[in-house]
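Below is final-v1.txt, which holds compact mmCIF, C-alpha atoms.
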```
# COMPACT_ATOMS: atom_id res chain seq x y z
CA MET A 1 -89.82 52.26 10.91
CA GLU A 2 -86.76 51.00 9.11
CA ARG A 3 -83.66 53.14 9.51
CA HIS A 4 -81.12 53.68 6.75
CA LEU A 5 -77.49 54.20 7.63
CA THR A 6 -76.69 56.68 4.86
CA LYS A 7 -79.68 58.85 5.81
CA GLU A 8 -78.69 58.76 9.49
CA ILE A 9 -75.12 59.79 8.63
CA LYS A 10 -76.40 62.64 6.44
CA ASP A 11 -78.76 63.79 9.20
CA LEU A 12 -75.89 63.80 11.71
CA ASP A 13 -73.72 65.74 9.26
CA ASN A 14 -76.50 68.31 8.79
CA LEU A 15 -76.92 68.70 12.56
CA ILE A 16 -73.18 69.19 13.00
CA GLY A 17 -73.15 71.82 10.24
CA LYS A 18 -76.13 73.61 11.76
CA LYS A 19 -74.47 73.69 15.19
CA LEU A 20 -71.18 74.95 13.73
CA ARG A 21 -72.95 77.81 11.96
CA SER A 22 -75.10 78.84 14.94
CA GLY A 23 -74.11 82.04 16.66
CA TYR A 24 -72.33 83.49 13.64
CA GLU A 25 -73.37 86.44 11.52
CA PRO A 26 -74.53 85.44 8.01
CA ARG A 27 -71.44 87.02 6.42
CA GLU A 28 -69.25 84.90 8.73
CA VAL A 29 -70.94 81.59 7.90
CA LEU A 30 -68.69 79.03 6.31
CA ASN A 31 -69.73 75.74 4.75
CA ARG A 32 -68.34 72.40 5.91
CA THR A 33 -65.74 72.23 3.15
CA GLN A 34 -64.42 75.66 4.09
CA LEU A 35 -64.34 74.68 7.75
CA GLN A 36 -62.47 71.47 6.90
CA ILE A 37 -59.91 73.49 4.96
CA ILE A 38 -59.41 75.95 7.82
CA PHE A 39 -59.11 73.11 10.33
CA TYR A 40 -56.57 71.30 8.13
CA LEU A 41 -54.50 74.45 7.55
CA ASN A 42 -54.56 75.15 11.26
CA LYS A 43 -53.22 71.67 12.05
CA HIS A 44 -50.50 71.97 9.37
CA ILE A 45 -49.59 75.57 10.04
CA ASN A 46 -45.82 75.13 9.60
CA GLU A 47 -46.07 72.96 6.49
CA ASP A 48 -46.47 73.75 2.80
CA VAL A 49 -50.08 72.82 2.00
CA CYS A 50 -51.18 72.76 -1.62
CA GLN A 51 -54.58 72.25 -3.17
CA LYS A 52 -53.86 68.57 -3.85
CA ASP A 53 -53.35 67.99 -0.11
CA LEU A 54 -56.81 69.42 0.53
CA GLU A 55 -58.37 67.28 -2.19
CA ILE A 56 -56.92 64.17 -0.55
CA GLU A 57 -57.94 65.26 2.96
CA THR A 58 -61.54 66.12 2.08
CA HIS A 59 -62.13 63.47 -0.63
CA LEU A 60 -63.51 66.23 -2.85
CA LYS A 61 -62.86 67.09 -6.49
CA LYS A 62 -60.50 69.83 -7.61
CA ALA A 63 -63.36 72.11 -8.69
CA SER A 64 -65.03 71.91 -5.26
CA ILE A 65 -61.79 72.76 -3.48
CA THR A 66 -61.07 75.59 -5.92
CA GLY A 67 -64.49 77.10 -5.23
CA ALA A 68 -64.04 76.82 -1.47
CA LEU A 69 -60.56 78.36 -1.66
CA ASP A 70 -61.81 81.22 -3.84
CA SER A 71 -64.53 81.99 -1.29
CA LEU A 72 -62.10 81.79 1.64
CA GLU A 73 -59.71 84.09 -0.19
CA ASP A 74 -62.54 86.57 -0.86
CA LYS A 75 -63.32 86.53 2.88
CA ASP A 76 -59.62 87.15 3.67
CA ILE A 77 -59.31 83.84 5.52
CA ILE A 78 -56.65 82.23 3.34
CA GLU A 79 -53.87 83.39 1.05
CA ARG A 80 -52.31 81.63 -1.90
CA LYS A 81 -48.56 82.13 -2.06
CA GLN A 82 -45.84 80.87 -4.33
CA SER A 83 -43.91 77.98 -2.83
CA LYS A 84 -40.32 78.79 -1.89
CA GLN A 85 -39.24 75.24 -2.78
CA ASP A 86 -41.10 74.94 -6.11
CA LYS A 87 -41.94 78.16 -7.95
CA ARG A 88 -44.52 76.30 -10.09
CA LYS A 89 -46.58 75.45 -7.02
CA ASN A 90 -48.85 77.59 -4.85
CA VAL A 91 -49.20 76.95 -1.14
CA ILE A 92 -52.25 77.85 0.88
CA VAL A 93 -51.88 79.55 4.25
CA LEU A 94 -54.19 81.09 6.79
CA SER A 95 -54.35 84.87 6.55
CA THR A 96 -53.35 87.19 9.36
CA LYS A 97 -57.06 87.73 10.02
CA ALA A 98 -57.66 83.97 10.31
CA LEU A 99 -54.66 83.50 12.58
CA LYS A 100 -56.18 86.06 14.94
CA GLU A 101 -59.36 83.92 14.99
CA LYS A 102 -57.41 80.67 15.45
CA ASP A 103 -58.28 80.16 19.12
CA ARG A 104 -61.96 80.91 18.53
CA ILE A 105 -62.09 78.37 15.69
CA GLU A 106 -60.29 75.71 17.74
CA ASN A 107 -62.58 76.28 20.72
CA ARG A 108 -65.64 75.99 18.48
CA PHE A 109 -64.50 72.56 17.27
CA LYS A 110 -63.62 71.42 20.80
CA GLU A 111 -67.03 72.46 22.10
CA LEU A 112 -68.72 70.61 19.27
CA GLU A 113 -66.65 67.46 19.88
CA THR A 114 -67.60 67.55 23.57
CA LEU A 115 -71.27 68.01 22.74
CA VAL A 116 -71.34 65.22 20.15
CA LYS A 117 -69.59 62.76 22.52
CA LYS A 118 -71.78 63.63 25.52
CA ASN A 119 -73.04 60.49 27.32
CA ILE A 120 -70.91 58.20 25.15
CA SER A 121 -68.20 56.14 26.84
CA GLU A 122 -64.63 55.92 25.62
CA LYS A 123 -65.22 52.23 24.81
CA GLU A 124 -68.28 53.12 22.72
CA MET A 125 -66.26 55.76 20.87
CA ASP A 126 -63.49 53.25 20.16
CA GLU A 127 -66.07 50.82 18.74
CA PHE A 128 -67.68 53.60 16.72
CA TYR A 129 -64.33 54.63 15.19
CA LEU A 130 -63.57 50.99 14.38
CA ILE A 131 -66.89 50.69 12.55
CA LEU A 132 -66.38 54.00 10.75
CA ASP A 133 -62.95 52.85 9.57
CA LYS A 134 -64.50 49.65 8.20
CA MET A 135 -67.20 51.62 6.39
CA LYS A 136 -64.64 53.99 4.87
CA SER A 137 -62.55 51.02 3.80
CA ASN A 138 -65.60 49.49 2.11
CA LEU A 139 -66.01 52.65 0.05
CA ALA A 140 -62.35 53.21 -0.81
```

Could you quickly redo this structure as structure tokens?
Amino acid sequence: MERHLTKEIKDLDNLIGKKLRSGYEPREVLNRTQLQIIFYLNKHINEDVCQKDLEIETHLKKASITGALDSLEDKDIIERKQSKQDKRKNVIVLSTKALKEKDRIENRFKELETLVKKNISEKEMDEFYLILDKMKSNLA
């Protein structure tokens, strides 16, 4: 049977999403975009992050990011605050509730990374990242 790269990538993405959501209560379940946003905010915790930064990071449209942010705000995971440097701009920060869950979220991603890379050598990972970079470049 012929394999198709885009289908294989989508299947892998679905498996990753399924694994990330496992073990959580339905009300706690976040979609991949929301998880990407939380992960990005966590890595840039001492920086002013605005919606445009998230659009660039996720390669998603403004409307998709707005919807994800609205949902995260409803779940008390993020807060939108006025920038101290530019009053016309809002910055997005993790809520107090999310900061309390920070270690759990980080551990979840680390566990997933370990699982995905199981039985794959460092050399194979380097080659894989090189190929991924070429594919992304082809689509940019």

Task: Nearest-residue call for Ile38 (chain A), choices A:Ile105, A:Ala63, A:Leu20, A:Val91, using all atoms listed in the file - done: A:Ile105

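Using only C-alpha atoms, the smallest distance between any of A:Asp48, A:Glu124, A:Asp13, A:Asp133 and Arg80 (chain A) comes from A:Asp48.
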
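Distance check against Met125 (chain A) using only C-alpha atoms: of A:Glu113, A:Leu94, A:Ile16, A:Thr66, the minimum falls on A:Glu113.
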
- [ ] To one decimal in Å, tell me the separation between CA of Asn31 (chain A) and CA of Ala68 (chain A).
- [x] 8.5 Å

Task: Pairwise distance for CA of Tyr129 (chain A) and CA of His59 (chain A), rounded to one decimal in Å - done: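 For CA of Tyr129 (chain A) relative to CA of His59 (chain A), the distance reads 18.3 Å.
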
Open item on the list: Which residues are near Leu30 (chain A)? Cut-off 12 Å, only C-alpha atoms, ignore same chain within fewer than 6 positions. Put them as an MDAnalysis selection string.
Closed with: chainID A and resid 17:22 24 36:39 68:69 71:72 75 77 105

Open item on the list: So, with only C-alpha atoms as the atoms that count, which of A:Leu139, A:Asp126, A:Lys134, A:Glu47 lies closest to Gln85 (chain A)?
Closed with: A:Glu47

- [ ] One decimal, Å: what's the distance from CA of Ile65 (chain A) over to CA of Arg32 (chain A), could you say?
- [x] 11.5 Å

Open item on the list: My list of candidates is A:Gln82, A:Ser64, A:Lys102, A:Glu73. Which is closest to Tyr40 (chain A) when distances are computed with only C-alpha atoms?
Closed with: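 Smallest distance to Tyr40 (chain A) is found for A:Lys102.
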
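Polymer residues near (-50.8, 81.4, 10.9): counting all atoms listed in the file with a cut-off of 10 Å, they are Leu41, Asn42, His44, Ile45, Asn46, Ile78, Val93, Leu94, Ser95, Thr96, Lys97, Ala98, Leu99, Lys100, Glu101 and Lys102 of chain A.
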
- [ ] Name the residues in contact with Asn90 (chain A) at a cut-off of 12 Å, using all atoms listed in the file, excluding same-chain residues fewer than 6 positions from it; report them as a list in words.
- [x]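 The residues that qualify are Asp48, Val49, Cys50, Gln51, Lys52, Asp53, Glu79, Arg80, Lys81, Gln82, Ser83 and Lys84 of chain A.
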
Listed atoms of region 28-44 of chain A boxed axis-aligned with 4 Å per side, centre + edges as lines of an AutoDock Vina configuration file:
```
center_x = -60.7
center_y = 78.1
center_z = 7.6
size_x = 28.4
size_y = 21.6
size_z = 16.9
```
